[in-house]
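The block underneath contains the structure these notes are about, expressed in structure tokens.
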Amino acid sequence: MPSNARTTRLVIVESPAKAKTISGYLGPGYVVEASFGHVRDLPRNAADVPAKYKGEPWARLGVDVDNGFHALYVVSPDRRQQISKLVKLAKEVDEIFLATDEDREGEAIAWHLVETLKPKVPVKRMVFHEITKPAIQAAVANPREIDRDLVDAQEARRILDRLYGYEVSPVLWKKVMPKLSAGRVQSVATRIVVERERQRMAFRTAEYWDILATLAVAKPGEGPRTFNATLVALNGDRIATGKDFEPTTGRVRPGAGVVHLDEGGARGLAARLQGRPFTVTRVEEKPYRRRPYAPFITSTLQQEAARKLRFSSQQTMRTAQRLYENGYITYMRTDSVNLSETAIAAARRQIVELYGERSVPPEPRRYTGKVKNAQEAHEAIRPAGDNFRTPGEVARELSGEEFKLYELIWRRTIASQMTDAVGSSVSVRIRAVSSASEEADFGATGKTITDPGFLRAYVESSDDENAEAEDAERRLPNLVKDQPLTADALAAQGHHTQPPSRYTEASLVKALEELGIGRPSTYASIMQTIQDRGYVSKRGQALIPSFLAFAVIGLLERHYPRLVDYNFTASMENELDEIAGGDHAAVDFLTAFYFGSANGAGDQTIAHAGGLKKLVTENLSEIDARSVNSIPLHTDDEGREVVVRVGRYGPYLQRGVPGEEPAAHGEGEEGGAQGDRAPIPEGLAPDELTPEKVHELFLGGGGERKLGDDPSTGEPILLKSGRFGPYVASGERKSSLLRTQSPDSLTLDEALKLLSLPRLVGVAPDGVEVFANNGRYGPYVKQGDEFRSLDSEDKMFTVTLDEALALLAAPKTRQRRAAAPPLREMGNDPLTEKPLVIKDGRFGPYVTDGEFNASLRRGQTPEALTVEEASEMLAEKRAKGPAPKKKAAAKKAPAAKKTTAKKTTAAKKTTAATKTTAAAKSTAAAKSTATKKATPAKKAAPPKKATT
């Protein structure tokens with residue numbers, strides 16, 4: 001702490017929450033202020049490029065690739081106000097401490113702050129891995145310089161991702177669809193999900209049978225009297241199980257040497273074993289020992305939070321961020337499993353208090369991480385402080401999500417320093433000889449835990465929901481060799497092989513980590529990005545790729561295979577780590593990637609292909625959009641190739657004429673394509689497009705189905721699926737299905753009722769017809785220009801003329817509904833001090849400060865949204881400025897009174913045409929506005945870097 005009380009120090013952190021916590025630990029003489037994350041970044045678009053650079057050929061990239069990959073940094077529009085505040089504070093203090101996070105991103109933010117603020121006073125870098133008073137005071141007392149190697153590594157990563165995205169994404173725009181994106185890690189993650197779906201699509205199930213025997217001991221001693229055993233061999237040959245079948249054919253693997261029992265064989269054998277004696281032929285007992293798991297790192301925390309708490313990766317990291325900033329846990333972006341000596345001592349003390357001295361091993365446990373280039377100087381994620389607070393002690397201070405995650409971290413940390421779980425496992429073989437002299441061998445296994453050790457505090461979950469928990473016991477009777485047994489029951493049981501499970505966010509993070517792709521700070525954003533881009537969607541916890549993802553990945557695999565190669569992508573991570581360690585030059589790395597120079601680059605680069613620039617330029621003409629956007633499924637019984645086409649309005653099925661290829665991309669979007677077409681119902685996963693399902697869709701399950709003939713006209717009544725949902729059609733008549741109707745159960749009578757709309761209710765006394773119909777806002781009755789709503793859809797078909805006239809005669813009251821209360825009040829915006837609230841709007845929840853609104857993004861919930869995230873979303877809206885107001889249409893001068901009949905007619909036609917055009921423009925504008933409101937606000941590139 002400073003000895004001179006007159007010295008004033010400015011401490012700059014990243015978030016207001018962190019600033020508030022730290023300021024309480026430092027006291028007078030310190031001013032703690034937030035940068036709100038990154039303050040500078042590469043230009044997001046042409047508007048961000050400063051005027052003096054707009055003519056430069058590299059301005060679009062924001063990187064001067066011909067001059068050492070010099071980056072053009074601009075202050076993010078939503079950070080300018082805060083930067084001005086920091087510049088002013090920097091002039092009023094004697095010293096500046098940069099207290100951004102301890103990873104590469106934090107190091108880069110610290111450097112950008114120096115470059116932006118250009119302070120005249122000494123600047124020091126302070127780092128800490130937990131926000132506690134002792135840790136903050138120690139960080140102030142032991143500052144260091146900014147680590148330029150870490151800054152270079154972060155800058156190289158940012159430039160690399162910009163080059164990849166800006167060069168590859170336009171290829172997707174031209175060959176697949178506008179507004180798509182490609183990314184160094186994003187595309188590889190998408191490929192992993194697509195490959196798993198391809199395996200599921202190619203999978204062919206197989207059926208196999210075995211026998212479950214319920215066996216009993218004659219004289220029960222210790223343990224249960226009965227237990228289950230499964231048939232494992234017949235006449236010395238192993239019984240086939242799921243692993244013995246080829247996934248793409250459903251046949252037994254060649255050379256497997258197994259007995260494949262079908263239903264008849266299993267039931268017949270079970271019958272032949274009835275009443276036969278069973279004898280124990282082998283008993284093997286082994287000690288069971290299980291070591292505890294290492295403390296959490298970022299990826300394992302995301303995996304376990306997904307399994308145990310059903311949190312998304314983003315939700316986990318948002319919650320962990322709050323726990324960290326408020327001093328409950330250590331820094332949550334880490335790939336190290338190390339615990340400090342202080343933390344180990346705290347854990348061991350608490351284990352003794354809660355579980356007794358026998359639960360603590362003689363020596364502290366130390367773990368070695370498996371992550372390549374892990375920063376072992378960092379710590380694992382653990383409760384903060386020298387004395388861990390139990391979940392019970394913090395329960396009243398934390399929200400529901402925060403408490404659950406804190407308890408998970410606390411339990412994992414405590415368990416990591418406890419004794420092993422020990423017990424015994426036993427394997428038993430039993431034989432019976434059937435009435436046909438067949439030797440049938442059955443197997444059973446048991447597990448007994450004598451000392452649960454760490455399992456008393458923590459049991460890890462599995463991605464396989466059917467897997468047995470590690471603390472589960474399977475107790476068998478005490479059995480010995482040659483012991484006779486009797487069969488209480490023999491049941492033949494059938495099984496089907498299962499396709500490989502889809503990835504979840506947890507298992508995808510695990511796969512990326514095992515491949516060495518991505519880093520702790522990127523996993524959550526990768527999970528969110530591939531969903532925001534429409535490449536992947538979630539069904540429960542499972543990640544399902546879209547057909548758009550199939551087209552994009554297919555293009556990259558065929559024409560740019562290196563860019564989605566797992567080893568190549570991992571090698572780039574390794575080279576970035578070498579840059580961070582000072583062992584590699586960033587310019588050499590970027591040159592090899594972009595231009596193909598082999599300087600300092602290994603054989604894992606694309607240098608041999610001439611670099612990224614040459615690759616995307618020269619190969620563009622070789623890419624056939626038709627093949628890229630056609631995903632083959634199978635050939636039907638009539639020899640027609642069935643493909644999924646990725647079209648402008650979504651994917652659809654196309655079935656060509658035998659011997660002909662499907663139409664090229666873009667052909668026949670409005671009709672006239674070769675062969676048959678059928679839309680793919682929304683939500684149907686790619687692996688669900690089986691030949692049977694495709695046949696159903698072409699027959700009408702999701703495309704077109706004949707319901708019958710109209711008895712009055714004789715015309716067929718068809719159920720169709722259009723861009724705006726299912727509808728019925730007959731001749732020139734069409735009518736959308738009601739909200740309460742399902743295409744699957746729609747009857748001919750219901751279709752006839754729909755086609756009767758608009759229904760003539762009757763003629764009013766004044767001679768004007770009254771109709772009932774269904775509209776955008778629901779059912780209504782209409783007379784001339786007067787409309788009144790009906791209270792149910794059924795009323796359209798039953799309302800009488802008197803009832804309709806009574807409704808129409810009633811005054812049109814526009815009762816304003818009372819404003820719904822906000823979903824959540826969040827407090828004041830740190831930037832503007834305006835109160836922030838979350839409201840429920842027509843297109844979903846949004847956050848507002850009373851002047852600007854921002855829709856919540858996909859994956860965000862009103863409960864989990866933080867003040868900092870809300871502030872950033874509104875700052876982005878604020879930077880764009882208010883929406884331009886529409887100009888009032890100029891009024892026409894009144895027509896001259898004396899005109900010929902011909903001129904009058906022409907004037908009327910002109911006026912009608914003008915009104916039609918104005919109406920069309922108004923409708924288009926309304927649709928555009930609605931679309932903007934309905935679309936979640938795009939995630940702004942995290943303000944990372946500042947202007948030159």
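Convention: chains lettered A, B, ... in structure tokens order; per-chain residue numbering from 1; ligands numbered from 1 as shown.
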
Would you please give, as number ranges by chain, all residues of range 676-823 of chain A that DSSP assigns to helix (DSSP H, G or I) based on the backbone? A: 686-688, 691-699, 743-745, 748-755, 795-798, 801-809

Problem set entry | Nearby residues (only C-alpha atoms) at most 10 Å from range 415-426 of chain A, same-chain spacing under 5 positions excluded, as a PyMOL selection string | chain A and resi 283-296+339+344-345+347-348+351-352+355+357-367+409-410+444-459+470-471+473-476+478-479

**Asked** What's the 6 Å shell around range 127-129 of chain A, counting only C-alpha atoms, without same-chain residues fewer than 6 positions away, as a ChimeraX atom specification?
**Response** /A:99,102,139,330-331

Dump N, CA and C atoms for the selected residues as an mmCIF file, in the first residue's frame?
```
data_model
loop_
_atom_site.group_PDB
_atom_site.id
_atom_site.type_symbol
_atom_site.label_atom_id
_atom_site.label_comp_id
_atom_site.auth_asym_id
_atom_site.auth_seq_id
_atom_site.Cartn_x
_atom_site.Cartn_y
_atom_site.Cartn_z
ATOM 1 N N ALA A 99 -5.253 -3.267 -14.513
ATOM 2 C CA ALA A 99 -5.645 -4.474 -13.784
ATOM 3 C C ALA A 99 -6.611 -5.326 -14.593
ATOM 4 N N GLU A 102 -5.803 -11.720 -16.519
ATOM 5 C CA GLU A 102 -4.432 -12.203 -16.613
ATOM 6 C C GLU A 102 -4.166 -13.037 -17.865
ATOM 7 N N ALA A 139 -1.139 -7.805 -5.602
ATOM 8 C CA ALA A 139 -0.961 -7.413 -7.004
ATOM 9 C C ALA A 139 -0.462 -5.977 -7.106
ATOM 10 N N THR A 330 -11.948 -18.036 -8.267
ATOM 11 C CA THR A 330 -10.779 -17.535 -8.984
ATOM 12 C C THR A 330 -11.125 -17.357 -10.457
ATOM 13 N N TYR A 331 -10.161 -16.849 -11.218
ATOM 14 C CA TYR A 331 -10.383 -16.518 -12.628
ATOM 15 C C TYR A 331 -10.862 -17.752 -13.388
#
```

Notebook entry, point to check: Can you list, as an NGL selection string, every residue of range 491-675 of chain A that DSSP puts in strand (DSSP E or B)?
Noted result: :A and (491-496 or 504 or 536-539 or 542-545 or 630-635 or 641-647 or 650-655)

(Q) Restricting the calculation to only C-alpha atoms: of A:Leu215, A:Leu633, A:Ala229, A:Leu323, which residue gets closest to Asp687 in chain A? (A)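 Once distances to Asp687 in chain A are computed over only C-alpha atoms, the minimum belongs to A:Leu633.
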
Applying 7 Å and only C-alpha atoms, which residues near range 165-179 of chain A remain after dropping the ones on its own chain fewer than 4 positions away? List them as JSON, numbers by chain. {"A": [61, 161, 183, 552, 616, 625, 629]}

Notebook entry, point to check: Out of A:Glu402, A:Glu14, A:Asp565, A:Asp48, which residue has the shortest atom-to-atom distance to Gly106 in chain A when counting only C-alpha atoms?
Noted result: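 Ranking A:Glu402, A:Glu14, A:Asp565, A:Asp48 by distance to Gly106 in chain A, first place goes to A:Glu14.
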
_Please list as a PyMOL selection string every residue within 8 Å of range 749-766 of chain A, counting only C-alpha atoms and excluding residues in the same chain fewer than 3 positions away._
chain A and resi 710+717+728-730+733-737+746+769-774+796-797+799-801+804-805

Output file for the residues above (C-alpha atoms, as a CSV table (one decimal), in the first residue's frame):
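The resulting file, result_22.csv, is reproduced below:
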```
chain,number,residue,atom,x,y,z
A,710,ASP,CA,-65.0,-30.8,-53.7
A,717,ILE,CA,-58.8,-30.5,-52.6
A,728,VAL,CA,-55.6,-26.0,-48.5
A,729,ALA,CA,-56.2,-25.3,-52.2
A,730,SER,CA,-58.8,-26.2,-54.7
A,733,ARG,CA,-59.3,-21.0,-53.9
A,734,LYS,CA,-56.7,-21.1,-51.1
A,735,SER,CA,-57.0,-20.9,-47.3
A,736,SER,CA,-54.4,-21.2,-44.6
A,737,LEU,CA,-55.0,-23.6,-41.7
A,746,LEU,CA,-57.0,-32.3,-41.2
A,769,GLU,CA,-73.2,-7.9,-47.5
A,770,VAL,CA,-71.7,-9.1,-44.2
A,771,PHE,CA,-68.8,-11.5,-44.3
A,772,ALA,CA,-66.9,-13.6,-41.7
A,773,ASN,CA,-63.3,-14.4,-42.3
A,774,ASN,CA,-59.9,-15.1,-40.8
A,796,MET,CA,-66.5,-17.6,-38.3
A,797,PHE,CA,-68.6,-20.6,-39.3
A,799,VAL,CA,-72.0,-16.4,-36.3
A,800,THR,CA,-75.5,-15.4,-37.4
A,801,LEU,CA,-76.4,-12.2,-39.2
A,804,ALA,CA,-72.7,-10.0,-36.7
A,805,LEU,CA,-74.9,-6.8,-37.0
```

For Ile381 in chain A, find every residue with an atom within 12 Å (counting only C-alpha atoms), except residues of its own chain fewer than 3 positions away, and show them as an MDAnalysis selection string. chainID A and resid 129:130 294:302 317 320:321 323:324 328:340 343 378 384:385 405:406 408:414 416 520

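Excluding Glu304 in chain A and any residue on its chain fewer than 5 positions from it, the residues at most 9 Å away by only C-alpha atoms are Ser299, Leu309, Arg310, Phe311, Leu408, Glu460, Ser461, Ser462 and Ala506 of chain A.
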